[in-house]
$ cat model00.txt   # compact mmCIF, C-alpha atoms and all ligand atoms
# COMPACT_ATOMS: atom_id res chain seq x y z
CA MET P 1 -15.10 6.18 -19.48
CA LYS P 2 -17.01 5.59 -16.33
CA LEU P 3 -16.31 8.75 -14.39
CA SER P 4 -20.02 9.44 -14.23
CA LYS P 5 -20.39 6.23 -12.25
CA LEU P 6 -18.27 7.48 -9.39
CA SER P 7 -19.99 8.02 -6.10
CA LYS P 8 -19.91 11.44 -4.52
CA ALA P 9 -17.76 10.10 -1.66
CA THR P 10 -15.38 8.65 -4.17
CA GLN P 11 -15.09 11.85 -6.11
CA ASP P 12 -14.50 13.79 -2.90
CA LYS P 13 -11.77 11.35 -2.00
CA SER P 14 -10.07 11.53 -5.37
CA ILE P 15 -10.17 15.29 -5.52
CA GLN P 16 -7.71 16.21 -2.84
CA ALA P 17 -4.51 18.15 -2.66
CA LYS P 18 -5.56 21.33 -4.37
CA SER P 19 -2.69 23.67 -4.93
CA ALA P 20 -1.62 25.95 -7.71
CA GLU P 21 0.81 23.28 -8.83
CA ASP P 22 -1.85 20.59 -8.82
CA ASN P 23 -3.80 22.54 -11.39
CA GLN P 24 -1.02 22.34 -13.93
CA PRO P 25 -2.07 20.03 -16.73
CA ASN P 26 0.22 17.12 -17.46
CA LEU P 27 2.36 17.81 -14.41
CA ARG P 28 5.64 16.02 -14.81
CA LEU P 29 6.86 13.97 -11.90
CA GLU P 30 10.46 13.41 -12.82
CA PRO P 31 12.50 10.87 -10.86
CA ASN P 32 14.15 12.51 -7.92
CA SER P 33 17.59 11.94 -6.54
CA LYS P 34 18.39 8.73 -4.67
CA GLU P 35 18.48 10.73 -1.48
CA ASN P 36 14.86 11.77 -1.77
CA VAL P 37 13.34 9.82 1.09
CA GLN P 38 9.86 10.93 0.13
CA ASN P 39 9.87 8.43 -2.73
CA ILE P 40 9.38 4.82 -1.78
CA LEU P 41 9.94 3.70 -5.36
CA GLN P 42 11.82 5.31 -8.22
CA VAL P 43 11.81 3.65 -11.60
CA ALA P 44 14.33 5.32 -13.90
CA ASP P 45 14.96 4.51 -17.55
CA LEU P 46 13.64 0.96 -17.13
CA LYS P 47 14.12 -1.11 -20.25
CA VAL P 48 13.02 -4.70 -20.82
CA SER P 49 13.81 -6.60 -24.01
CA PHE P 50 13.33 -10.13 -25.27
CA ASP P 51 15.96 -11.23 -27.79
CA PHE P 52 16.68 -7.56 -28.46
CA LYS P 53 12.99 -6.83 -29.09
CA LYS P 54 12.38 -3.80 -26.90
CA VAL P 55 9.17 -4.13 -24.93
CA ILE P 56 9.69 -1.56 -22.15
CA LYS P 57 11.54 1.34 -23.72
CA GLY P 58 13.08 3.38 -20.94
CA ILE P 59 10.29 4.38 -18.59
CA SER P 60 10.62 6.52 -15.45
CA PHE P 61 8.13 7.18 -12.69
CA ASP P 62 8.15 7.64 -8.93
CA ILE P 63 5.83 6.66 -6.13
CA ALA P 64 5.95 8.73 -2.95
CA LYS P 65 5.50 7.24 0.50
CA GLY P 66 1.83 6.58 1.14
CA GLU P 67 0.92 7.44 -2.46
CA THR P 68 -1.47 5.47 -4.63
CA HIS P 69 -0.20 5.31 -8.21
CA ALA P 70 -1.99 3.81 -11.19
CA LEU P 71 -0.31 2.26 -14.21
CA VAL P 72 -2.70 2.28 -17.12
CA GLY P 73 -2.55 1.38 -20.78
CA GLU P 74 -4.11 -1.02 -23.20
CA SER P 75 -3.37 -4.73 -23.31
CA GLY P 76 0.25 -5.46 -24.20
CA SER P 77 1.51 -1.98 -23.26
CA GLY P 78 3.87 -3.48 -20.67
CA LYS P 79 2.11 -2.95 -17.36
CA SER P 80 2.57 -6.47 -15.97
CA LEU P 81 6.13 -6.65 -17.23
CA THR P 82 6.92 -3.42 -15.37
CA CYS P 83 5.49 -4.94 -12.18
CA SER P 84 7.43 -8.17 -12.73
CA ALA P 85 10.66 -6.22 -13.18
CA ILE P 86 10.07 -4.34 -9.92
CA LEU P 87 9.31 -7.59 -8.11
CA GLY P 88 12.34 -9.34 -9.61
CA LEU P 89 10.02 -11.75 -11.36
CA ALA P 90 10.65 -10.84 -15.00
CA PRO P 91 10.98 -13.93 -17.22
CA GLU P 92 14.47 -15.45 -17.27
CA ASN P 93 14.97 -14.60 -20.93
CA ALA P 94 14.18 -10.91 -20.32
CA GLN P 95 17.00 -8.36 -20.43
CA VAL P 96 16.26 -5.76 -17.79
CA SER P 97 18.18 -2.50 -17.35
CA GLY P 98 17.77 0.89 -15.71
CA ARG P 99 17.27 1.70 -12.07
CA ILE P 100 14.57 0.49 -9.70
CA ILE P 101 15.21 2.19 -6.40
CA PHE P 102 13.07 0.92 -3.56
CA GLU P 103 13.50 2.58 -0.18
CA GLY P 104 16.95 3.75 -1.26
CA ASP P 105 18.21 0.37 -2.57
CA ASP P 106 18.75 -0.26 -6.27
CA LEU P 107 16.89 -3.52 -6.84
CA LEU P 108 18.65 -4.20 -10.13
CA GLU P 109 22.11 -3.86 -8.61
CA ALA P 110 22.25 -6.14 -5.59
CA LYS P 111 20.31 -9.19 -6.66
CA ASP P 112 20.80 -11.55 -3.71
CA LYS P 113 20.17 -9.10 -0.95
CA ILE P 114 17.20 -7.76 -2.79
CA LEU P 115 15.34 -11.01 -3.39
CA ASN P 116 14.77 -11.23 0.32
CA LEU P 117 14.04 -7.55 0.64
CA ARG P 118 11.48 -7.38 -2.16
CA GLY P 119 9.46 -10.25 -0.80
CA LYS P 120 9.35 -8.66 2.57
CA ARG P 121 8.69 -5.06 1.79
CA ILE P 122 6.82 -5.27 -1.50
CA GLY P 123 3.53 -7.12 -1.34
CA TYR P 124 2.00 -8.48 -4.53
CA ILE P 125 -1.65 -9.02 -5.31
CA PRO P 126 -2.26 -10.89 -8.57
CA GLN P 127 -5.02 -10.57 -11.12
CA ASN P 128 -6.44 -14.01 -10.62
CA PRO P 129 -6.40 -15.33 -7.05
CA MET P 130 -7.80 -18.70 -8.13
CA THR P 131 -4.79 -19.51 -10.28
CA SER P 132 -2.33 -17.98 -7.80
CA LEU P 133 -3.39 -20.22 -4.93
CA ASN P 134 -2.30 -23.84 -4.96
CA PRO P 135 -5.38 -26.08 -5.32
CA VAL P 136 -3.81 -29.07 -3.58
CA LYS P 137 -2.87 -27.27 -0.38
CA THR P 138 -5.18 -25.85 2.27
CA ILE P 139 -5.22 -22.10 2.78
CA PHE P 140 -3.60 -22.65 6.18
CA SER P 141 -0.77 -24.61 4.65
CA GLN P 142 -0.12 -21.83 2.11
CA LEU P 143 -0.31 -19.03 4.65
CA LYS P 144 1.97 -21.01 6.96
CA GLU P 145 4.59 -21.45 4.22
CA THR P 146 4.64 -17.75 3.51
CA ILE P 147 4.75 -16.88 7.22
CA GLN P 148 7.66 -19.27 7.76
CA ILE P 149 9.62 -17.51 5.00
CA HIS P 150 9.01 -14.07 6.42
CA LYS P 151 8.91 -14.82 10.13
CA PRO P 152 10.91 -18.01 10.73
CA GLN P 153 11.08 -17.31 14.45
CA LEU P 154 7.35 -17.91 15.01
CA SER P 155 6.14 -21.05 16.79
CA LYS P 156 3.29 -23.24 15.48
CA ASN P 157 0.81 -21.57 17.81
CA GLU P 158 2.02 -18.12 16.87
CA ILE P 159 1.64 -18.96 13.19
CA PHE P 160 -1.92 -20.10 13.79
CA ASP P 161 -2.68 -16.92 15.74
CA LEU P 162 -1.19 -14.80 12.98
CA CYS P 163 -3.35 -16.58 10.39
CA GLN P 164 -6.39 -15.67 12.45
CA VAL P 165 -5.32 -12.03 12.70
CA LEU P 166 -4.58 -11.86 8.97
CA LEU P 167 -7.88 -13.35 7.89
CA LEU P 168 -9.89 -11.20 10.29
CA GLN P 169 -8.05 -8.17 8.93
CA VAL P 170 -9.39 -8.93 5.49
CA GLN P 171 -12.83 -9.49 7.00
CA LEU P 172 -12.99 -13.23 6.60
CA LYS P 173 -15.00 -13.73 9.76
CA ASN P 174 -15.29 -17.50 9.30
CA TRP P 175 -11.49 -17.61 9.33
CA GLU P 176 -11.22 -21.09 10.81
CA LYS P 177 -13.29 -22.60 8.02
CA VAL P 178 -11.27 -20.67 5.43
CA LEU P 179 -8.00 -21.96 6.88
CA ASN P 180 -9.18 -25.54 6.42
CA SER P 181 -10.43 -24.95 2.89
CA TYR P 182 -8.85 -25.46 -0.50
CA SER P 183 -8.90 -22.55 -2.93
CA PHE P 184 -11.50 -24.21 -5.16
CA GLU P 185 -13.87 -24.26 -2.20
CA LEU P 186 -13.70 -20.47 -1.86
CA SER P 187 -15.41 -17.81 -3.96
CA GLY P 188 -13.26 -15.49 -6.10
CA GLY P 189 -13.78 -12.66 -3.62
CA MET P 190 -12.78 -14.84 -0.65
CA SER P 191 -9.70 -16.05 -2.52
CA GLN P 192 -8.68 -12.48 -3.28
CA ARG P 193 -9.11 -11.60 0.39
CA VAL P 194 -6.75 -14.47 1.19
CA MET P 195 -4.26 -13.09 -1.37
CA ILE P 196 -4.48 -9.64 0.20
CA ALA P 197 -3.88 -11.23 3.62
CA MET P 198 -0.90 -13.09 2.17
CA SER P 199 0.55 -9.92 0.65
CA LEU P 200 0.57 -8.32 4.10
CA ILE P 201 2.52 -11.11 5.84
CA GLY P 202 5.93 -9.50 5.33
CA ASP P 203 4.68 -6.12 6.64
CA PRO P 204 5.28 -4.49 3.26
CA SER P 205 5.53 -0.78 2.67
CA LEU P 206 4.50 -1.01 -0.99
CA LEU P 207 1.76 -3.12 -2.54
CA ILE P 208 1.70 -3.94 -6.23
CA ALA P 209 -1.75 -4.98 -7.39
CA ASP P 210 -1.95 -6.12 -11.02
CA GLU P 211 -5.60 -5.84 -12.05
CA PRO P 212 -6.66 -7.20 -8.66
CA THR P 213 -10.37 -7.19 -9.37
CA THR P 214 -10.58 -8.01 -13.08
CA SER P 215 -11.37 -11.68 -12.54
CA LEU P 216 -14.10 -10.98 -9.99
CA ASP P 217 -17.85 -10.33 -10.31
CA VAL P 218 -18.68 -6.65 -10.63
CA THR P 219 -20.39 -6.53 -7.23
CA ILE P 220 -17.39 -8.11 -5.53
CA GLN P 221 -14.91 -5.84 -7.33
CA ALA P 222 -16.04 -2.80 -5.34
CA GLU P 223 -15.82 -4.70 -2.04
CA ILE P 224 -12.30 -5.90 -2.75
CA MET P 225 -11.09 -2.46 -3.85
CA HIS P 226 -12.65 -0.96 -0.74
CA LEU P 227 -10.81 -3.48 1.42
CA LEU P 228 -7.54 -2.91 -0.40
CA LEU P 229 -7.77 0.86 -0.02
CA GLU P 230 -8.73 0.49 3.63
CA MET P 231 -5.60 -1.60 4.26
CA ILE P 232 -3.47 0.92 2.39
CA GLU P 233 -4.80 3.78 4.47
CA LYS P 234 -4.68 1.96 7.82
CA LYS P 235 -1.12 0.77 7.34
CA ASN P 236 0.05 3.85 5.44
CA LEU P 237 1.20 1.75 2.49
CA SER P 238 1.99 2.90 -1.02
CA LEU P 239 0.15 1.30 -3.92
CA LEU P 240 1.03 0.59 -7.52
CA LEU P 241 -2.28 -0.34 -9.11
CA VAL P 242 -2.40 -1.76 -12.61
CA THR P 243 -5.80 -1.38 -14.18
CA HIS P 244 -7.71 -0.82 -17.39
CA ASP P 245 -10.49 0.92 -15.54
CA LEU P 246 -10.08 4.69 -15.45
CA GLY P 247 -13.12 4.96 -13.19
CA LEU P 248 -11.21 2.86 -10.68
CA VAL P 249 -8.14 5.05 -11.14
CA ALA P 250 -10.20 8.14 -10.35
CA GLN P 251 -11.59 6.45 -7.27
CA SER P 252 -8.42 5.00 -5.87
CA CYS P 253 -5.27 6.75 -7.03
CA LYS P 254 -3.60 10.10 -6.63
CA THR P 255 -1.05 9.83 -9.42
CA MET P 256 -0.85 7.84 -12.62
CA THR P 257 1.36 6.81 -15.49
CA VAL P 258 -0.05 6.15 -18.95
CA LEU P 259 1.84 3.52 -20.90
CA GLU P 260 1.57 2.80 -24.62
CA ARG P 261 3.70 0.10 -26.27
CA GLY P 262 6.32 0.33 -23.52
CA GLU P 263 6.58 4.13 -23.54
CA ILE P 264 5.15 6.69 -21.17
CA ARG P 265 2.68 9.02 -22.81
CA GLU P 266 1.68 10.97 -19.75
CA LYS P 267 2.18 10.94 -16.00
CA GLY P 268 1.15 13.10 -13.09
CA LEU P 269 -1.83 13.74 -10.90
CA VAL P 270 -4.89 11.64 -11.71
CA GLU P 271 -7.14 14.63 -11.28
CA SER P 272 -5.18 16.72 -13.80
CA ILE P 273 -4.79 13.97 -16.36
CA LEU P 274 -8.38 12.77 -16.29
CA GLN P 275 -9.75 16.28 -16.43
CA ASN P 276 -7.33 17.55 -19.03
CA PRO P 277 -5.47 14.77 -20.85
CA GLN P 278 -2.63 16.17 -22.94
CA HIS P 279 -1.72 13.17 -25.05
CA GLU P 280 -4.02 11.83 -27.71
CA TYR P 281 -3.45 8.28 -26.46
CA THR P 282 -4.77 9.26 -23.02
CA GLN P 283 -7.64 11.06 -24.71
CA SER P 284 -8.52 7.91 -26.59
CA LEU P 285 -8.32 5.85 -23.40
CA LEU P 286 -10.69 8.32 -21.78
CA LYS P 287 -13.14 8.08 -24.63
CA GLY P 288 -13.17 4.37 -24.01
CA ALA P 289 -11.93 3.70 -27.53
CA LYS P 290 -9.18 1.45 -26.25
CA PHE P 291 -11.19 -0.40 -23.65
CA GLY P 292 -12.89 -3.67 -24.36
N1 LIG P 301 8.16 -13.94 -21.83
C1 LIG P 301 7.96 -13.09 -22.84
N2 LIG P 301 8.58 -13.22 -24.02
C2 LIG P 301 8.40 -12.35 -25.04
N3 LIG P 301 7.59 -11.28 -24.95
C3 LIG P 301 6.93 -11.09 -23.80
C4 LIG P 301 7.07 -11.97 -22.68
N4 LIG P 301 6.29 -11.50 -21.66
C5 LIG P 301 5.68 -10.39 -22.14
N5 LIG P 301 6.07 -10.15 -23.41
C6 LIG P 301 5.61 -9.05 -24.25
O1 LIG P 301 5.65 -7.86 -23.52
C7 LIG P 301 4.57 -7.02 -23.87
C8 LIG P 301 3.94 -6.46 -22.65
O2 LIG P 301 3.32 -7.50 -21.93
P1 LIG P 301 2.56 -7.25 -20.55
O3 LIG P 301 2.12 -8.58 -20.07
O4 LIG P 301 3.40 -6.43 -19.67
O5 LIG P 301 1.31 -6.38 -21.05
P2 LIG P 301 0.15 -5.75 -20.16
O6 LIG P 301 0.17 -4.28 -20.37
O7 LIG P 301 0.23 -6.26 -18.78
O8 LIG P 301 -1.16 -6.32 -20.90
P3 LIG P 301 -2.54 -6.86 -20.26
O9 LIG P 301 -3.37 -5.62 -20.01
O10 LIG P 301 -3.12 -7.68 -21.35
O11 LIG P 301 -2.26 -7.64 -19.03
C9 LIG P 301 3.62 -7.84 -24.72
O12 LIG P 301 3.69 -7.35 -26.04
C10 LIG P 301 4.14 -9.23 -24.63
O13 LIG P 301 4.03 -9.88 -25.85
MG MG P 302 -0.97 -7.50 -17.61

$ encode --input "model00.txt" --output "structure tokens"
Amino acid sequence: MKLSKLSKATQDKSIQAKSAEDNQPNLRLEPNSKENVQNILQVADLKVSFDFKKVIKGISFDIAKGETHALVGESGSGKSLTCSAILGLAPENAQVSGRIIFEGDDLLEAKDKILNLRGKRIGYIPQNPMTSLNPVKTIFSQLKETIQIHKPQLSKNEIFDLCQVLLLQVQLKNWEKVLNSYSFELSGGMSQRVMIAMSLIGDPSLLIADEPTTSLDVTIQAEIMHLLLEMIEKKNLSLLLVTHDLGLVAQSCKTMTVLERGEIREKGLVESILQNPQHEYTQSLLKGAKFG
């Protein structure tokens, strides 16, 4: 575990919200009622199977408005599949059940209405920006396509202006050059900045980032996480961050869920869990035994 690597500022940031309740080890954050407007996302008894092989076995967790929540677990534990289910992007042969309540709407109930809604209000940042961007289209062409889906009323000039705003937001100062580039002409870090810009097009209230820095150089990872967290704070977004890196969890998230083979082992405040893990699986993750 890399907690010792954390900067002082980072530790200060991660150690917030001190209350008597916060000090409870293994604090349970049970799903609240549908009426609880404090939760932007409630996942309740989510199950995903393939040909009756259960992969996600009835998991429940909530994310409050403005909260940063980490989903951790070793490879194959079901983190990406959970994200896909929330985004409505689970493989076609997957059987998905349970409740995924986003801003009061059950995403698993009203499929048509929700497809539109998810894209708009849930932004997605993938693990590998290079493979997520289309190599035969310029960045402008890809941003334009996404903008036209979300904001069909915009004129050509307005789309161009929005591209500029988006790329400057993610600190791509040479935005004009980036717009005319193909993804293979950009570095991994630049491509991920483009993906972050793209995820913000629909003015989302929740971002799902599935190992957003894993494919990047170590030096760039910190920059991209910094940018992501800055966006989250500025726009008061909620974050579901999938990661293997518990150091990153300590730096960036307030709450976390620990997943093992499709089951939740522990969930609650990051500070409580990392300081006093209750489950032996979490303890082994902390010892680094499960990290490669
Ligand atoms: N299309 C599919 N068909 C059958 N099984 C699948 C399919 N997609 C995922 N799975 C299974 O679901 C399980 C969870 O996969 P998932 O990709 O969610 O893991 P993960 O926790 O994201 O792992 P990693 O850290 O390696 O990304 C795996 O055991 C995988 O084999
Ligand atoms: Mg994954």

$ residues_near_ligand --input "model00.txt" --ligand "ligand LIG 301 (chain P)" --cutoff "6 Å" --atoms "all atoms listed in the file" --output "mmCIF file with C-alpha atoms, in the coordinates of the input"
data_model
loop_
_atom_site.group_PDB
_atom_site.id
_atom_site.type_symbol
_atom_site.label_atom_id
_atom_site.label_comp_id
_atom_site.auth_asym_id
_atom_site.auth_seq_id
_atom_site.Cartn_x
_atom_site.Cartn_y
_atom_site.Cartn_z
ATOM 1 C CA PHE P 50 13.330 -10.130 -25.270
ATOM 2 C CA VAL P 55 9.170 -4.130 -24.930
ATOM 3 C CA GLU P 74 -4.110 -1.020 -23.200
ATOM 4 C CA SER P 75 -3.370 -4.730 -23.310
ATOM 5 C CA GLY P 76 0.250 -5.460 -24.200
ATOM 6 C CA SER P 77 1.510 -1.980 -23.260
ATOM 7 C CA GLY P 78 3.870 -3.480 -20.670
ATOM 8 C CA LYS P 79 2.110 -2.950 -17.360
ATOM 9 C CA SER P 80 2.570 -6.470 -15.970
ATOM 10 C CA LEU P 81 6.130 -6.650 -17.230
ATOM 11 C CA PRO P 91 10.980 -13.930 -17.220
#

$ residues_around --input "model00.txt" --residues "range 126-136 of chain P" --least-positions-apart "5" --cutoff "9 Å" --atoms "all atoms listed in the file" --output "MDAnalysis selection string"
chainID P and resid 142 182:184 186:189 191:195 208:216

$ closest_residue --input "model00.txt" --among "P:Ile220, P:Gln171, P:Ile196, P:Met256" --to "Ile63 in chain P" --atoms "all atoms listed in the file"
P:Met256

$ closest_residue --input "model00.txt" --among "P:Leu248, P:Val242, P:Leu154, P:Val48" --to "ligand MG 302 (chain P)" --atoms "all atoms listed in the file"
P:Val242

$ atom_distance --input "model00.txt" --atom1 "CA of Ser97 in chain P" --atom2 "CA of Asp45 in chain P"
7.7 Å

$ axis_aligned_box --input "model00.txt" --around "range 102-105 of chain P" --padding-each-side "3 Å" --output "JSON"
{"center_x": 15.6, "center_y": 2.1, "center_z": -1.9, "size_x": 11.1, "size_y": 9.4, "size_z": 9.4}

$ atom_distance --input "model00.txt" --atom1 "CA of Leu71 in chain P" --atom2 "CA of Gly268 in chain P"
11.0 Å

$ closest_residue --input "model00.txt" --among "P:Lys177, P:Arg99, P:Arg261, P:His69" --to "Ser238 in chain P" --atoms "all atoms listed in the file"
P:His69

$ closest_residue --input "model00.txt" --among "P:Glu92, P:Glu266, P:Glu233, P:Asp203" --to "Lys65 in chain P" --atoms "only C-alpha atoms"
P:Glu233

$ residues_around --input "model00.txt" --residues "Glu230 in chain P" --least-positions-apart "5" --cutoff "12 Å" --atoms "all atoms listed in the file" --output "tab-separated table (two decimals) with C-alpha atoms, in the coordinates of the input"
chain	number	residue	atom	x	y	z
P	169	GLN	CA	-8.05	-8.17	8.93
P	170	VAL	CA	-9.39	-8.93	5.49
P	171	GLN	CA	-12.83	-9.49	7.00
P	196	ILE	CA	-4.48	-9.64	0.20
P	223	GLU	CA	-15.82	-4.70	-2.04
P	224	ILE	CA	-12.30	-5.90	-2.75
P	225	MET	CA	-11.09	-2.46	-3.85
P	235	LYS	CA	-1.12	0.77	7.34
P	236	ASN	CA	0.05	3.85	5.44
P	237	LEU	CA	1.20	1.75	2.49
P	238	SER	CA	1.99	2.90	-1.02
P	239	LEU	CA	0.15	1.30	-3.92
P	252	SER	CA	-8.42	5.00	-5.87

$ closest_residue --input "model00.txt" --among "P:Glu185, P:Glu158, P:Val218, P:Gly73" --to "ligand MG 302 (chain P)" --atoms "all atoms listed in the file"
P:Gly73

$ residues_around --input "model00.txt" --residues "Lys144 in chain P" --least-positions-apart "6" --cutoff "9 Å" --atoms "all atoms listed in the file" --output "ChimeraX atom specification"
/P:156,159-160,163

$ write_last_selection --input "model00.txt" --atoms "C-alpha atoms" --output "mmCIF file, in the coordinates of the input"
data_model
loop_
_atom_site.group_PDB
_atom_site.id
_atom_site.type_symbol
_atom_site.label_atom_id
_atom_site.label_comp_id
_atom_site.auth_asym_id
_atom_site.auth_seq_id
_atom_site.Cartn_x
_atom_site.Cartn_y
_atom_site.Cartn_z
ATOM 1 C CA LYS P 156 3.290 -23.240 15.480
ATOM 2 C CA ILE P 159 1.640 -18.960 13.190
ATOM 3 C CA PHE P 160 -1.920 -20.100 13.790
ATOM 4 C CA CYS P 163 -3.350 -16.580 10.390
#

$ atom_distance --input "model00.txt" --atom1 "CA of Gly247 in chain P" --atom2 "CA of Leu274 in chain P"
9.6 Å

$ closest_residue --input "model00.txt" --among "P:Val43, P:Met190, P:Ile232, P:Leu207" --to "Thr82 in chain P" --atoms "all atoms listed in the file"
P:Val43

$ residues_around --input "model00.txt" --residues "range 275-280 of chain P" --least-positions-apart "3" --cutoff "9 Å" --atoms "only C-alpha atoms" --output "PyMOL selection string"
chain P and resi 25-26+265-266+270-272+283-286

$ residues_around --input "model00.txt" --residues "Ile56 in chain P" --least-positions-apart "6" --cutoff "7 Å" --atoms "all atoms listed in the file" --output "list in words"
Leu46, Lys47, Val48, Ser49, Gly78, Gly262 and Glu263 of chain P

$ decode --input "model00.txt" --residues "range 148-172 of chain P" --atoms "N, CA and C atoms" --output "mmCIF file, in the first residue's frame"
data_model
loop_
_atom_site.group_PDB
_atom_site.id
_atom_site.type_symbol
_atom_site.label_atom_id
_atom_site.label_comp_id
_atom_site.auth_asym_id
_atom_site.auth_seq_id
_atom_site.Cartn_x
_atom_site.Cartn_y
_atom_site.Cartn_z
ATOM 1 N N GLN P 148 -23.352 17.282 -30.916
ATOM 2 C CA GLN P 148 -24.613 17.270 -31.684
ATOM 3 C C GLN P 148 -25.655 16.348 -31.055
ATOM 4 N N ILE P 149 -25.170 15.275 -30.394
ATOM 5 C CA ILE P 149 -26.117 14.384 -29.707
ATOM 6 C C ILE P 149 -26.720 15.101 -28.502
ATOM 7 N N HIS P 150 -25.858 15.752 -27.744
ATOM 8 C CA HIS P 150 -26.320 16.357 -26.491
ATOM 9 C C HIS P 150 -26.967 17.721 -26.677
ATOM 10 N N LYS P 151 -26.469 18.475 -27.646
ATOM 11 C CA LYS P 151 -26.955 19.844 -27.816
ATOM 12 C C LYS P 151 -27.260 20.095 -29.298
ATOM 13 N N PRO P 152 -28.314 19.434 -29.812
ATOM 14 C CA PRO P 152 -28.588 19.512 -31.249
ATOM 15 C C PRO P 152 -28.955 20.926 -31.723
ATOM 16 N N GLN P 153 -29.269 21.792 -30.793
ATOM 17 C CA GLN P 153 -29.681 23.139 -31.183
ATOM 18 C C GLN P 153 -28.499 24.043 -31.548
ATOM 19 N N LEU P 154 -27.276 23.603 -31.275
ATOM 20 C CA LEU P 154 -26.126 24.496 -31.488
ATOM 21 C C LEU P 154 -25.757 24.620 -32.967
ATOM 22 N N SER P 155 -25.378 25.842 -33.361
ATOM 23 C CA SER P 155 -24.929 26.088 -34.733
ATOM 24 C C SER P 155 -23.473 25.632 -34.867
ATOM 25 N N LYS P 156 -22.986 25.615 -36.124
ATOM 26 C CA LYS P 156 -21.588 25.222 -36.386
ATOM 27 C C LYS P 156 -20.612 26.065 -35.575
ATOM 28 N N ASN P 157 -20.844 27.384 -35.602
ATOM 29 C CA ASN P 157 -19.946 28.285 -34.872
ATOM 30 C C ASN P 157 -20.005 28.041 -33.376
ATOM 31 N N GLU P 158 -21.209 27.803 -32.902
ATOM 32 C CA GLU P 158 -21.366 27.555 -31.457
ATOM 33 C C GLU P 158 -20.673 26.250 -31.048
ATOM 34 N N ILE P 159 -20.741 25.263 -31.936
ATOM 35 C CA ILE P 159 -20.064 23.990 -31.650
ATOM 36 C C ILE P 159 -18.556 24.221 -31.557
ATOM 37 N N PHE P 160 -18.043 24.983 -32.498
ATOM 38 C CA PHE P 160 -16.607 25.281 -32.498
ATOM 39 C C PHE P 160 -16.216 26.017 -31.211
ATOM 40 N N ASP P 161 -17.030 27.001 -30.853
ATOM 41 C CA ASP P 161 -16.742 27.761 -29.622
ATOM 42 C C ASP P 161 -16.772 26.858 -28.398
ATOM 43 N N LEU P 162 -17.743 25.944 -28.381
ATOM 44 C CA LEU P 162 -17.849 25.029 -27.237
ATOM 45 C C LEU P 162 -16.625 24.107 -27.169
ATOM 46 N N CYS P 163 -16.152 23.661 -28.329
ATOM 47 C CA CYS P 163 -14.937 22.829 -28.357
ATOM 48 C C CYS P 163 -13.771 23.582 -27.716
ATOM 49 N N GLN P 164 -13.670 24.858 -28.055
ATOM 50 C CA GLN P 164 -12.592 25.669 -27.487
ATOM 51 C C GLN P 164 -12.723 25.732 -25.960
ATOM 52 N N VAL P 165 -13.929 26.032 -25.506
ATOM 53 C CA VAL P 165 -14.177 26.133 -24.059
ATOM 54 C C VAL P 165 -13.832 24.813 -23.364
ATOM 55 N N LEU P 166 -14.294 23.718 -23.979
ATOM 56 C CA LEU P 166 -14.083 22.394 -23.368
ATOM 57 C C LEU P 166 -12.597 22.065 -23.252
ATOM 58 N N LEU P 167 -11.865 22.322 -24.339
ATOM 59 C CA LEU P 167 -10.444 21.952 -24.320
ATOM 60 C C LEU P 167 -9.641 22.873 -23.403
ATOM 61 N N LEU P 168 -10.041 24.140 -23.332
ATOM 62 C CA LEU P 168 -9.345 25.032 -22.394
ATOM 63 C C LEU P 168 -9.634 24.639 -20.952
ATOM 64 N N GLN P 169 -10.862 24.149 -20.730
ATOM 65 C CA GLN P 169 -11.229 23.690 -19.387
ATOM 66 C C GLN P 169 -10.317 22.569 -18.900
ATOM 67 N N VAL P 170 -9.931 21.712 -19.836
ATOM 68 C CA VAL P 170 -9.050 20.600 -19.445
ATOM 69 C C VAL P 170 -7.574 20.950 -19.711
ATOM 70 N N GLN P 171 -7.358 22.250 -19.785
ATOM 71 C CA GLN P 171 -6.002 22.810 -19.886
ATOM 72 C C GLN P 171 -5.221 22.350 -21.110
ATOM 73 N N LEU P 172 -5.931 22.191 -22.215
ATOM 74 C CA LEU P 172 -5.244 21.973 -23.483
ATOM 75 C C LEU P 172 -5.146 23.343 -24.154
#
